[in-house]
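input.tsv follows (TSV, C-alpha atoms):
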```
chain	number	residue	atom	x	y	z
A	182	MET	CA	97.33	1.65	-4.30
A	183	ALA	CA	96.94	-0.67	-1.31
A	184	TRP	CA	94.54	-3.13	-2.90
A	185	THR	CA	94.55	-5.43	-5.93
A	186	ILE	CA	91.90	-6.22	-8.49
A	187	THR	CA	91.45	-9.99	-8.25
A	188	LYS	CA	89.34	-10.81	-11.31
A	189	PRO	CA	90.19	-10.16	-14.98
A	190	GLY	CA	86.58	-9.25	-15.83
A	191	ILE	CA	83.90	-7.04	-14.33
A	192	ASP	CA	80.41	-7.75	-13.03
A	193	LEU	CA	77.70	-5.47	-14.40
A	194	GLY	CA	74.24	-5.17	-12.88
A	195	ILE	CA	71.24	-4.06	-14.93
A	196	VAL	CA	68.10	-3.29	-12.93
A	197	THR	CA	64.99	-4.25	-14.88
A	198	THR	CA	61.24	-4.64	-14.54
A	199	ASN	CA	61.32	-6.94	-17.57
A	200	GLY	CA	63.27	-9.91	-16.21
A	201	ASP	CA	61.94	-12.65	-18.48
A	202	ALA	CA	62.54	-10.73	-21.72
A	203	MET	CA	65.97	-9.54	-20.58
A	204	LEU	CA	67.04	-13.07	-19.62
A	205	GLU	CA	65.80	-14.44	-22.93
A	206	PHE	CA	67.67	-11.73	-24.89
A	207	TYR	CA	71.03	-12.12	-23.17
A	208	ARG	CA	70.89	-15.92	-22.80
A	209	ASP	CA	69.14	-17.01	-26.01
A	210	VAL	CA	69.99	-14.23	-28.47
A	211	VAL	CA	73.35	-12.84	-27.33
A	212	GLY	CA	74.45	-16.29	-26.14
A	213	LEU	CA	75.73	-15.56	-22.65
A	214	GLU	CA	75.97	-18.65	-20.47
A	215	PHE	CA	73.29	-18.83	-17.78
A	216	GLU	CA	74.85	-19.42	-14.36
A	217	ALA	CA	72.05	-19.12	-11.81
A	218	THR	CA	68.96	-17.30	-10.59
A	219	LEU	CA	69.20	-16.02	-7.03
A	220	ALA	CA	66.51	-14.66	-4.73
A	221	LEU	CA	67.97	-12.07	-2.36
A	222	GLU	CA	64.85	-10.62	-0.71
A	223	PRO	CA	66.67	-9.49	2.48
A	224	ILE	CA	68.52	-6.91	0.34
A	225	GLY	CA	65.52	-6.03	-1.85
A	226	ILE	CA	66.23	-8.27	-4.85
A	227	ALA	CA	63.38	-10.54	-5.89
A	228	ARG	CA	65.43	-12.14	-8.65
A	229	MET	CA	68.99	-11.89	-9.94
A	230	ASP	CA	69.77	-13.80	-13.12
A	231	ARG	CA	73.54	-14.27	-13.49
A	232	LEU	CA	75.00	-14.73	-16.97
A	233	LEU	CA	78.65	-15.40	-17.77
A	234	CYS	CA	80.67	-13.59	-20.41
A	235	ASN	CA	84.04	-15.27	-20.01
A	236	ASP	CA	85.48	-13.67	-16.85
A	237	SER	CA	82.69	-11.11	-16.55
A	238	VAL	CA	79.19	-11.54	-15.10
A	239	LEU	CA	76.04	-9.78	-16.25
A	240	LYS	CA	73.52	-9.54	-13.42
A	241	LEU	CA	69.89	-8.93	-14.42
A	242	VAL	CA	68.26	-7.59	-11.25
A	243	THR	CA	64.52	-7.44	-10.54
A	244	LEU	CA	63.81	-5.61	-7.28
A	245	THR	CA	61.15	-6.43	-4.68
A	246	THR	CA	59.74	-2.90	-5.01
A	247	ASP	CA	58.63	-0.86	-8.01
A	248	VAL	CA	61.35	1.21	-9.62
A	249	ALA	CA	61.08	3.96	-12.23
A	250	ALA	CA	62.49	3.27	-15.67
A	251	GLY	CA	65.74	5.04	-16.49
A	252	PRO	CA	66.19	7.29	-19.49
A	253	THR	CA	66.60	5.61	-22.84
A	254	GLY	CA	68.51	7.02	-25.78
A	255	GLY	CA	71.84	5.27	-25.57
A	256	MET	CA	74.86	7.56	-25.38
A	257	ALA	CA	72.81	10.72	-25.82
A	258	GLY	CA	70.20	9.76	-23.17
A	259	CYS	CA	72.10	11.01	-20.12
A	260	THR	CA	75.48	10.75	-18.43
A	261	GLY	CA	76.69	7.61	-16.69
A	262	PRO	CA	76.97	4.05	-17.94
A	263	ARG	CA	75.06	3.94	-21.23
A	264	TYR	CA	76.39	0.84	-23.00
A	265	PHE	CA	78.75	-2.08	-22.60
A	266	THR	CA	80.85	-4.01	-25.10
A	267	ILE	CA	81.08	-7.71	-25.87
A	268	SER	CA	84.02	-8.88	-28.01
A	269	VAL	CA	82.95	-11.42	-30.65
A	270	ASP	CA	84.48	-13.16	-33.64
A	271	ASP	CA	81.61	-12.27	-36.02
A	272	VAL	CA	79.91	-8.90	-35.49
A	273	GLU	CA	77.64	-9.35	-38.49
A	274	ALA	CA	76.27	-12.67	-37.19
A	275	ALA	CA	75.76	-11.26	-33.68
A	276	VAL	CA	73.76	-8.34	-35.08
A	277	ALA	CA	71.77	-10.60	-37.41
A	278	ASP	CA	70.75	-12.81	-34.47
A	279	CYS	CA	69.70	-9.79	-32.41
A	280	GLU	CA	67.78	-8.27	-35.32
A	281	ALA	CA	66.02	-11.59	-36.00
A	282	ALA	CA	64.91	-11.60	-32.36
A	283	GLY	CA	63.44	-8.10	-32.75
A	284	ALA	CA	66.21	-6.08	-31.14
A	285	PRO	CA	66.62	-2.63	-32.70
A	286	VAL	CA	69.96	-2.11	-34.46
A	287	VAL	CA	71.40	1.26	-33.44
A	288	TRP	CA	74.52	1.05	-35.61
A	289	PRO	CA	74.96	-1.66	-38.23
A	290	PRO	CA	78.38	-3.32	-38.45
A	291	THR	CA	80.88	-0.57	-39.27
A	292	GLU	CA	84.66	-0.49	-39.55
A	293	SER	CA	85.43	2.18	-36.93
A	294	ARG	CA	89.16	2.08	-37.63
A	295	PRO	CA	91.38	-0.28	-39.61
A	296	GLY	CA	90.88	-3.84	-38.34
A	297	VAL	CA	88.08	-2.95	-35.90
A	298	THR	CA	84.40	-3.61	-36.66
A	299	ILE	CA	81.70	-2.44	-34.26
A	300	ALA	CA	77.91	-2.51	-34.10
A	301	MET	CA	75.33	-1.49	-31.49
A	302	VAL	CA	71.93	-3.01	-30.63
A	303	GLU	CA	69.27	-2.33	-27.98
A	304	ASP	CA	68.15	-4.87	-25.41
A	305	PRO	CA	64.46	-5.17	-24.38
A	306	ASP	CA	64.86	-2.35	-21.82
A	307	GLY	CA	66.55	0.05	-24.28
A	308	ASN	CA	70.12	-0.44	-23.00
A	309	TRP	CA	72.76	-0.39	-25.71
A	310	VAL	CA	75.04	-3.37	-26.31
A	311	GLU	CA	78.08	-2.96	-28.52
A	312	PHE	CA	79.65	-5.88	-30.37
A	313	ILE	CA	83.28	-5.51	-31.43
A	314	ARG	CA	85.69	-7.58	-33.50
A	315	MET	CA	89.35	-6.68	-33.57
A	316	SER	CA	91.39	-8.45	-36.24
```

Show how you would write the structure in this file as structure tokens.
Amino acid sequence: MAWTITKPGIDLGIVTTNGDAMLEFYRDVVGLEFEATLALEPIGIARMDRLLCNDSVLKLVTLTTDVAAGPTGGMAGCTGPRYFTISVDDVEAAVADCEAAGAPVVWPPTESRPGVTIAMVEDPDGNWVEFIRMS
């Protein structure tokens, strides 16, 4: 390989027509750190809210044009990226905060294998977010 990955995290973009609710969910409920809102109209982005998750960035993208909603249904909805994972120290508390904010719980906290607890919730657009604790 002639190139090198230069960042320990990834940046993930979620296209939405529900920018305010998505920002509120990821910033105020999940607790990601708000970095900035950018307007990038020359490339078709009316608004990009950037949220930090340690070395990774979640980009909530609202386009300047109408866009059809993608299929919902989590893992069984279609192929392609269907969920992402955030490592936390307290899966139960993360799920409780999401549930209190009205987010559907797909899977309650479950020990998936010894020392690993996972849970899955839905964001306001129906994307699945997994929380994981590895002890």

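Distances here use all atoms listed in the file; by that measure, the residue among A:Val286, A:Met229, A:Ala275, A:Leu241 closest to Met203 of chain A is A:Leu241.
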
query = When distances are computed from all atoms listed in the file, which of A:Val238, A:Thr291, A:Thr197, A:Thr243 shows the smallest separation from Leu219 of chain A?
reply = A:Thr243

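Compared by their closest atoms to Val302 of chain A, and using only C-alpha atoms, the residues A:Phe206, A:Val242, A:Trp184, A:Ala217 rank with A:Phe206 nearest.
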
inquiry  = What's around segment 265-271 of chain A at 12 Å? Count all atoms listed in the file, leave out sequence neighbours fewer than 5 positions away in its own chain, and write the answer as a PyMOL selection string.
reply    = chain A and resi 190-195+207+211-213+233-239+255-256+276-278+290+297-304+308-316

ask   = Quick one, how far is atom CA of Trp288 of chain A from atom CA of Glu273 of chain A?
value = 11.2 Å

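Of the listed residues (A:Val196, A:Ala281, A:Val210, A:Ile186), A:Val196 comes nearest to Arg228 of chain A; the distances count all atoms listed in the file.
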
key: Distance query 12 Å from (58.7, -4.9, -2.4) using only C-alpha atoms, result as a ChimeraX atom specification   = /A:221-228,243-248

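Reported to one decimal place, the separation of atom CA of Cys279 of chain A from atom CA of Thr253 of chain A is 18.4 Å.
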
task = One decimal, Å: what's the distance from atom CA of Phe215 of chain A over to atom CA of Thr185 of chain A, could you say?
result = 27.8 Å

Would you give the centre and edge lengths, in Å to one decimal, of a box along x, y and z around the listed atoms of segment 205-217 of chain A, with 3 Å added to each side, as lines of an AutoDock Vina configuration file?
```
center_x = 70.9
center_y = -15.6
center_z = -20.1
size_x = 16.2
size_y = 13.7
size_z = 22.7
```
